[in-house]
>>> print(open('protein.pdb').read())   # PDB, C-alpha atoms
ATOM      1  CA  MET A 645     -13.101  13.323  16.323
ATOM      2  CA  GLY A 646     -13.675  13.306  12.642
ATOM      3  CA  ARG A 647     -12.736  10.953   9.878
ATOM      4  CA  PHE A 648     -11.140   7.539  10.118
ATOM      5  CA  ALA A 649     -10.302   6.047   6.702
ATOM      6  CA  TRP A 650      -8.264   3.188   5.325
ATOM      7  CA  GLY A 651      -7.076   2.836   1.732
ATOM      8  CA  GLU A 652      -9.379   3.569  -1.161
ATOM      9  CA  LEU A 653     -12.820   4.753  -0.138
ATOM     10  CA  TYR A 654     -15.671   2.455  -1.043
ATOM     11  CA  MET A 655     -18.400   3.756   1.202
ATOM     12  CA  LYS A 656     -19.018   6.241   3.964
ATOM     13  CA  ILE A 657     -20.593   5.477   7.341
ATOM     14  CA  VAL A 658     -21.123   7.337  10.602
ATOM     15  CA  VAL A 659     -20.023   5.561  13.783
ATOM     16  CA  SER A 660     -20.234   6.378  17.484
ATOM     17  CA  ALA A 661     -16.649   7.351  18.308
ATOM     18  CA  CYS A 662     -16.607   5.120  21.402
ATOM     19  CA  LEU A 663     -17.087   2.060  19.154
ATOM     20  CA  MET A 664     -13.869   2.868  17.317
ATOM     21  CA  GLY A 665     -11.889   3.118  20.542
ATOM     22  CA  GLU A 666     -12.255   6.812  21.408
ATOM     23  CA  SER A 667     -12.412   7.262  25.179
ATOM     24  CA  CYS A 668     -15.471   9.507  25.150
ATOM     25  CA  LYS A 669     -17.983   7.336  27.013
ATOM     26  CA  TYR A 670     -19.589   8.875  30.128
ATOM     27  CA  ASN A 671     -17.162   6.957  32.397
ATOM     28  CA  GLY A 672     -14.087   7.939  30.380
ATOM     29  CA  LEU A 673     -13.766   4.557  28.706
ATOM     30  CA  ASP A 674     -14.731   3.307  25.242
ATOM     31  CA  ASN A 675     -16.985   0.638  23.735
ATOM     32  CA  TYR A 676     -14.383  -0.714  21.288
ATOM     33  CA  HIS A 677     -16.074  -2.932  18.690
ATOM     34  CA  ARG A 678     -13.336  -5.076  17.151
ATOM     35  CA  ALA A 679     -15.534  -6.603  14.427
ATOM     36  CA  LEU A 680     -16.647  -3.147  13.277
ATOM     37  CA  VAL A 681     -13.117  -1.727  13.229
ATOM     38  CA  GLU A 682     -11.774  -4.743  11.320
ATOM     39  CA  ALA A 683     -14.662  -4.693   8.819
ATOM     40  CA  CYS A 684     -14.072  -0.986   8.130
ATOM     41  CA  GLU A 685     -10.394  -1.619   7.564
ATOM     42  CA  ARG A 686     -11.012  -4.642   5.325
ATOM     43  CA  THR A 687     -13.580  -2.853   3.141
ATOM     44  CA  GLY A 688     -11.829   0.535   2.975
ATOM     45  CA  THR A 689     -14.849   2.216   4.499
ATOM     46  CA  GLU A 690     -14.639   5.913   5.319
ATOM     47  CA  VAL A 691     -15.814   6.422   8.889
ATOM     48  CA  LEU A 692     -17.102   9.703  10.303
ATOM     49  CA  LEU A 693     -16.730   9.571  14.074
ATOM     50  CA  VAL A 694     -19.362  11.270  16.209
ATOM     51  CA  CYS A 695     -19.942  11.745  19.916
ATOM     52  CA  PRO A 696     -22.926  14.054  20.351
ATOM     53  CA  GLU A 697     -22.282  14.437  24.084
ATOM     54  CA  VAL A 698     -18.753  15.722  23.474
ATOM     55  CA  PHE A 699     -19.944  17.848  20.524
ATOM     56  CA  GLY A 700     -22.481  19.407  22.916
ATOM     57  CA  GLY A 701     -19.725  20.456  25.309
ATOM     58  CA  LEU A 702     -20.038  17.784  27.993
ATOM     59  CA  PRO A 703     -16.810  16.612  29.651
ATOM     60  CA  THR A 704     -15.374  13.110  29.701
ATOM     61  CA  PRO A 705     -15.910  11.565  32.151
ATOM     62  CA  ARG A 706     -19.377  12.862  33.045
ATOM     63  CA  LYS A 707     -22.354  11.760  35.122
ATOM     64  CA  PRO A 708     -24.510   9.024  33.542
ATOM     65  CA  SER A 709     -27.556  10.469  31.796
ATOM     66  CA  GLU A 710     -30.895   9.095  30.672
ATOM     67  CA  ILE A 711     -34.023  10.503  29.068
ATOM     68  CA  VAL A 712     -36.517  11.293  31.828
ATOM     69  CA  ASN A 713     -39.976  12.358  30.648
ATOM     70  CA  GLY A 714     -38.538  13.563  27.335
ATOM     71  CA  GLU A 715     -35.632  15.486  28.889
ATOM     72  CA  VAL A 716     -32.032  14.277  29.219
ATOM     73  CA  ARG A 717     -30.991  14.388  32.883
ATOM     74  CA  THR A 718     -28.010  13.156  34.867
ATOM     75  CA  CYS A 719     -28.350  10.584  37.622
ATOM     76  CA  GLU A 720     -28.336  13.570  40.012
ATOM     77  CA  GLY A 721     -31.373  15.094  38.297
ATOM     78  CA  VAL A 722     -29.487  17.900  36.533
ATOM     79  CA  SER A 723     -30.781  18.708  33.052
ATOM     80  CA  VAL A 724     -28.210  18.237  30.292
ATOM     81  CA  ASP A 725     -30.890  18.301  27.624
ATOM     82  CA  GLN A 726     -29.551  21.438  25.961
ATOM     83  CA  GLU A 727     -26.054  19.934  25.630
ATOM     84  CA  PHE A 728     -27.393  16.647  24.246
ATOM     85  CA  ARG A 729     -29.598  18.409  21.700
ATOM     86  CA  LEU A 730     -26.847  20.834  20.667
ATOM     87  CA  GLY A 731     -24.436  17.911  20.240
ATOM     88  CA  ALA A 732     -26.996  15.933  18.258
ATOM     89  CA  GLN A 733     -27.500  18.914  15.938
ATOM     90  CA  CYS A 734     -23.729  19.353  15.529
ATOM     91  CA  ALA A 735     -23.364  15.658  14.671
ATOM     92  CA  LEU A 736     -26.255  15.896  12.197
ATOM     93  CA  ASP A 737     -24.664  18.975  10.601
ATOM     94  CA  MET A 738     -21.447  16.994  10.186
ATOM     95  CA  CYS A 739     -23.408  14.197   8.486
ATOM     96  CA  GLU A 740     -25.149  16.651   6.193
ATOM     97  CA  GLN A 741     -21.818  18.280   5.250
ATOM     98  CA  ALA A 742     -20.467  14.811   4.439
ATOM     99  CA  GLY A 743     -23.206  14.271   1.857
ATOM    100  CA  GLY A 744     -26.309  13.423   3.854
ATOM    101  CA  PRO A 745     -28.275  10.192   3.600
ATOM    102  CA  GLU A 746     -27.557  10.020  -0.139
ATOM    103  CA  GLU A 747     -23.818   9.634   0.543
ATOM    104  CA  ILE A 748     -23.777   7.984   3.980
ATOM    105  CA  ALA A 749     -24.631   4.299   3.707
ATOM    106  CA  ALA A 750     -25.436   3.793   7.404
ATOM    107  CA  CYS A 751     -25.007   5.141  10.925
ATOM    108  CA  ILE A 752     -23.741   2.482  13.335
ATOM    109  CA  LEU A 753     -24.345   3.742  16.837
ATOM    110  CA  GLN A 754     -23.928   2.681  20.469
ATOM    111  CA  ASP A 755     -26.922   0.868  21.904
ATOM    112  CA  ARG A 756     -29.037   2.229  24.773
ATOM    113  CA  SER A 757     -27.393   5.666  24.804
ATOM    114  CA  PRO A 758     -29.558   8.768  25.378
ATOM    115  CA  SER A 759     -27.866  10.142  22.238
ATOM    116  CA  CYS A 760     -27.187   7.139  20.032
ATOM    117  CA  GLY A 761     -29.583   4.451  21.251
ATOM    118  CA  ALA A 762     -31.788   3.056  18.473
ATOM    119  CA  GLY A 763     -34.945   1.144  19.295
ATOM    120  CA  HIS A 764     -34.198   0.750  23.006
ATOM    121  CA  ILE A 765     -32.832   3.199  25.559
ATOM    122  CA  TYR A 766     -32.623   3.232  29.329
ATOM    123  CA  ASP A 767     -35.984   4.140  30.844
ATOM    124  CA  GLY A 768     -34.928   7.164  32.924
ATOM    125  CA  THR A 769     -34.908   5.393  36.308
ATOM    126  CA  PHE A 770     -31.133   4.726  36.289
ATOM    127  CA  SER A 771     -31.897   1.111  37.166
ATOM    128  CA  GLY A 772     -30.556  -0.466  33.961
ATOM    129  CA  THR A 773     -34.101  -1.064  32.695
ATOM    130  CA  LEU A 774     -34.668  -0.648  28.954
ATOM    131  CA  THR A 775     -37.692   0.803  27.210
ATOM    132  CA  ALA A 776     -38.643   1.290  23.572
ATOM    133  CA  GLY A 777     -37.276   4.548  22.213
ATOM    134  CA  ASN A 778     -34.436   6.357  20.522
ATOM    135  CA  GLY A 779     -31.709   8.697  21.666
ATOM    136  CA  VAL A 780     -31.886  12.355  20.646
ATOM    137  CA  PHE A 781     -29.288  11.985  17.856
ATOM    138  CA  VAL A 782     -31.028   8.918  16.440
ATOM    139  CA  ASP A 783     -34.354  10.795  16.390
ATOM    140  CA  LEU A 784     -32.714  13.532  14.292
ATOM    141  CA  LEU A 785     -31.072  11.034  11.939
ATOM    142  CA  LEU A 786     -34.312   9.149  11.324
ATOM    143  CA  ARG A 787     -36.231  12.385  10.671
ATOM    144  CA  HIS A 788     -33.620  13.250   8.038
ATOM    145  CA  GLY A 789     -33.725   9.883   6.264
ATOM    146  CA  TYR A 790     -30.574   8.159   7.530
ATOM    147  CA  ARG A 791     -30.255   4.396   7.983
ATOM    148  CA  VAL A 792     -29.441   3.659  11.646
ATOM    149  CA  ILE A 793     -28.005   0.354  12.867
ATOM    150  CA  PRO A 794     -27.490  -0.356  16.587
ATOM    151  CA  ALA A 795     -23.960  -1.647  17.251
ATOM    152  CA  SER A 796     -25.408  -4.858  18.728
ATOM    153  CA  GLU A 797     -27.001  -5.634  15.340
ATOM    154  CA  PHE A 798     -23.877  -4.931  13.297
ATOM    155  CA  ASP A 799     -22.600  -7.810  11.212
ATOM    156  CA  PRO A 800     -19.338  -7.349   9.254
ATOM    157  CA  SER A 801     -21.039  -8.527   6.058
ATOM    158  CA  MET A 802     -23.200  -5.386   6.213
ATOM    159  CA  LEU A 803     -20.261  -3.292   5.027
ATOM    160  CA  GLU A 804     -19.736  -5.600   2.089
ATOM    161  CA  HIS A 805     -23.408  -5.225   1.128
ATOM    162  CA  CYS A 806     -24.008  -1.551   1.922
ATOM    163  CA  PRO A 807     -24.570   0.731  -1.056
ATOM    164  CA  GLN A 808     -21.255   2.232  -2.101
ATOM    165  CA  HIS A 809     -21.282   6.000  -2.462
ATOM    166  CA  SER A 810     -17.855   7.498  -2.009
ATOM    167  CA  ASN A 811     -16.228   6.727  -5.347
ATOM    168  CA  PRO A 812     -18.557   6.718  -8.374
ATOM    169  CA  THR A 813     -15.954   4.923 -10.506
ATOM    170  CA  LEU A 814     -16.179   1.800  -8.342
ATOM    171  CA  PRO A 815     -18.820  -0.834  -9.071
ATOM    172  CA  HIS A 816     -21.781  -0.771  -6.696
ATOM    173  CA  GLY A 817     -22.708  -3.912  -4.853
TER     174      GLY A 817
END
>>> encode(input="protein.pdb", output="structure tokens")
Amino acid sequence: MGRFAWGELYMKIVVSACLMGESCKYNGLDNYHRALVEACERTGTEVLLVCPEVFGGLPTPRKPSEIVNGEVRTCEGVSVDQEFRLGAQCALDMCEQAGGPEEIAACILQDRSPSCGAGHIYDGTFSGTLTAGNGVFVDLLLRHGYRVIPASEFDPSMLEHCPQHSNPTLPHG
């Protein structure tokens, strides 16, 4: 995982790797988001791919995990909190090395995930029920001033209207 870029760079965003077709989801599949991929290609957006779970050393595939009373646990009750938090910190470090919130226009992340969920995550009962909250990576991003957009709220026009940071010689707009 790392960078995904097309043509001249107009802006820089962070994206959950599974949305760009990386098979890093807990079940070994991806969450390919065609509109996002095509918008990045059309706008020449530089994409930094992240998967905090993989960065934290968890395998793919792996047991489903949810946040249970503030701790990330698998469906079997095993704590994977340390791996999730380590991976979230590694992903944040990557963002900071790429210029931080001043250079990264937005972070477009997979909904409901215990790492990348923004606004709503699974409630820890492994029943598919959602509750208000953020994944551990999103919590870190928000504390450090990043703009987070859940994948379900992504609209391709967002990339055309995001602040442009990567090339100061290009007009902003």
>>> resolve_selection(input="protein.pdb", expression="the PyMOL selection byres ((chain A and resi 717-733) around 6)", output="MDAnalysis selection string")
chainID A and resid 696:697 699:700 707:710 715:716 734:736 781
>>> closest_atom_pairs(input="protein.pdb", of="stretch 706-765 of chain A", to="stretch 790-797 of chain A", cutoff="9 Å", atoms="only C-alpha atoms", output="tab-separated table")
residue	atom	partner	partner_atom	distance
A:Gly744	CA	A:Tyr790	CA	7.7
A:Pro745	CA	A:Tyr790	CA	5.0
A:Glu746	CA	A:Tyr790	CA	8.4
A:Ile748	CA	A:Tyr790	CA	7.7
A:Ala749	CA	A:Arg791	CA	7.1
A:Ala750	CA	A:Arg791	CA	4.9
A:Cys751	CA	A:Val792	CA	4.7
A:Ile752	CA	A:Ile793	CA	4.8
A:Leu753	CA	A:Pro794	CA	5.2
A:Gln754	CA	A:Ala795	CA	5.4
A:Asp755	CA	A:Pro794	CA	5.5
A:Arg756	CA	A:Pro794	CA	8.7
A:Cys760	CA	A:Pro794	CA	8.3
A:Gly761	CA	A:Pro794	CA	7.0
A:Ala762	CA	A:Pro794	CA	5.8
A:Gly763	CA	A:Pro794	CA	8.1
>>> atom_distance(input="protein.pdb", atom1="atom CA of A:Glu804", atom2="atom CA of A:Leu693")
19.6 Å
>>> residues_near_point(input="protein.pdb", point="(-34.2, 4.7, 19.1)", cutoff="7 Å", atoms="all atoms listed in the file", output="count of residues only")
10
>>> atom_distance(input="protein.pdb", atom1="atom CA of A:Ser771", atom2="atom CA of A:Glu666")
25.8 Å
>>> resolve_selection(input="protein.pdb", expression="the PyMOL selection byres ((chain A and resi 670-675) around 9)", output="count of residues only")
20
>>> closest_residue(input="protein.pdb", among="A:Arg787, A:Leu803, A:Gly772, A:Asp767", to="A:Val712", atoms="only C-alpha atoms")
A:Asp767
>>> atom_distance(input="protein.pdb", atom1="atom CA of A:Ala679", atom2="atom CA of A:Pro800")
6.5 Å
>>> closest_residue(input="protein.pdb", among="A:Gly714, A:His788, A:Met655, A:Cys739", to="A:Glu685", atoms="all atoms listed in the file")
A:Met655
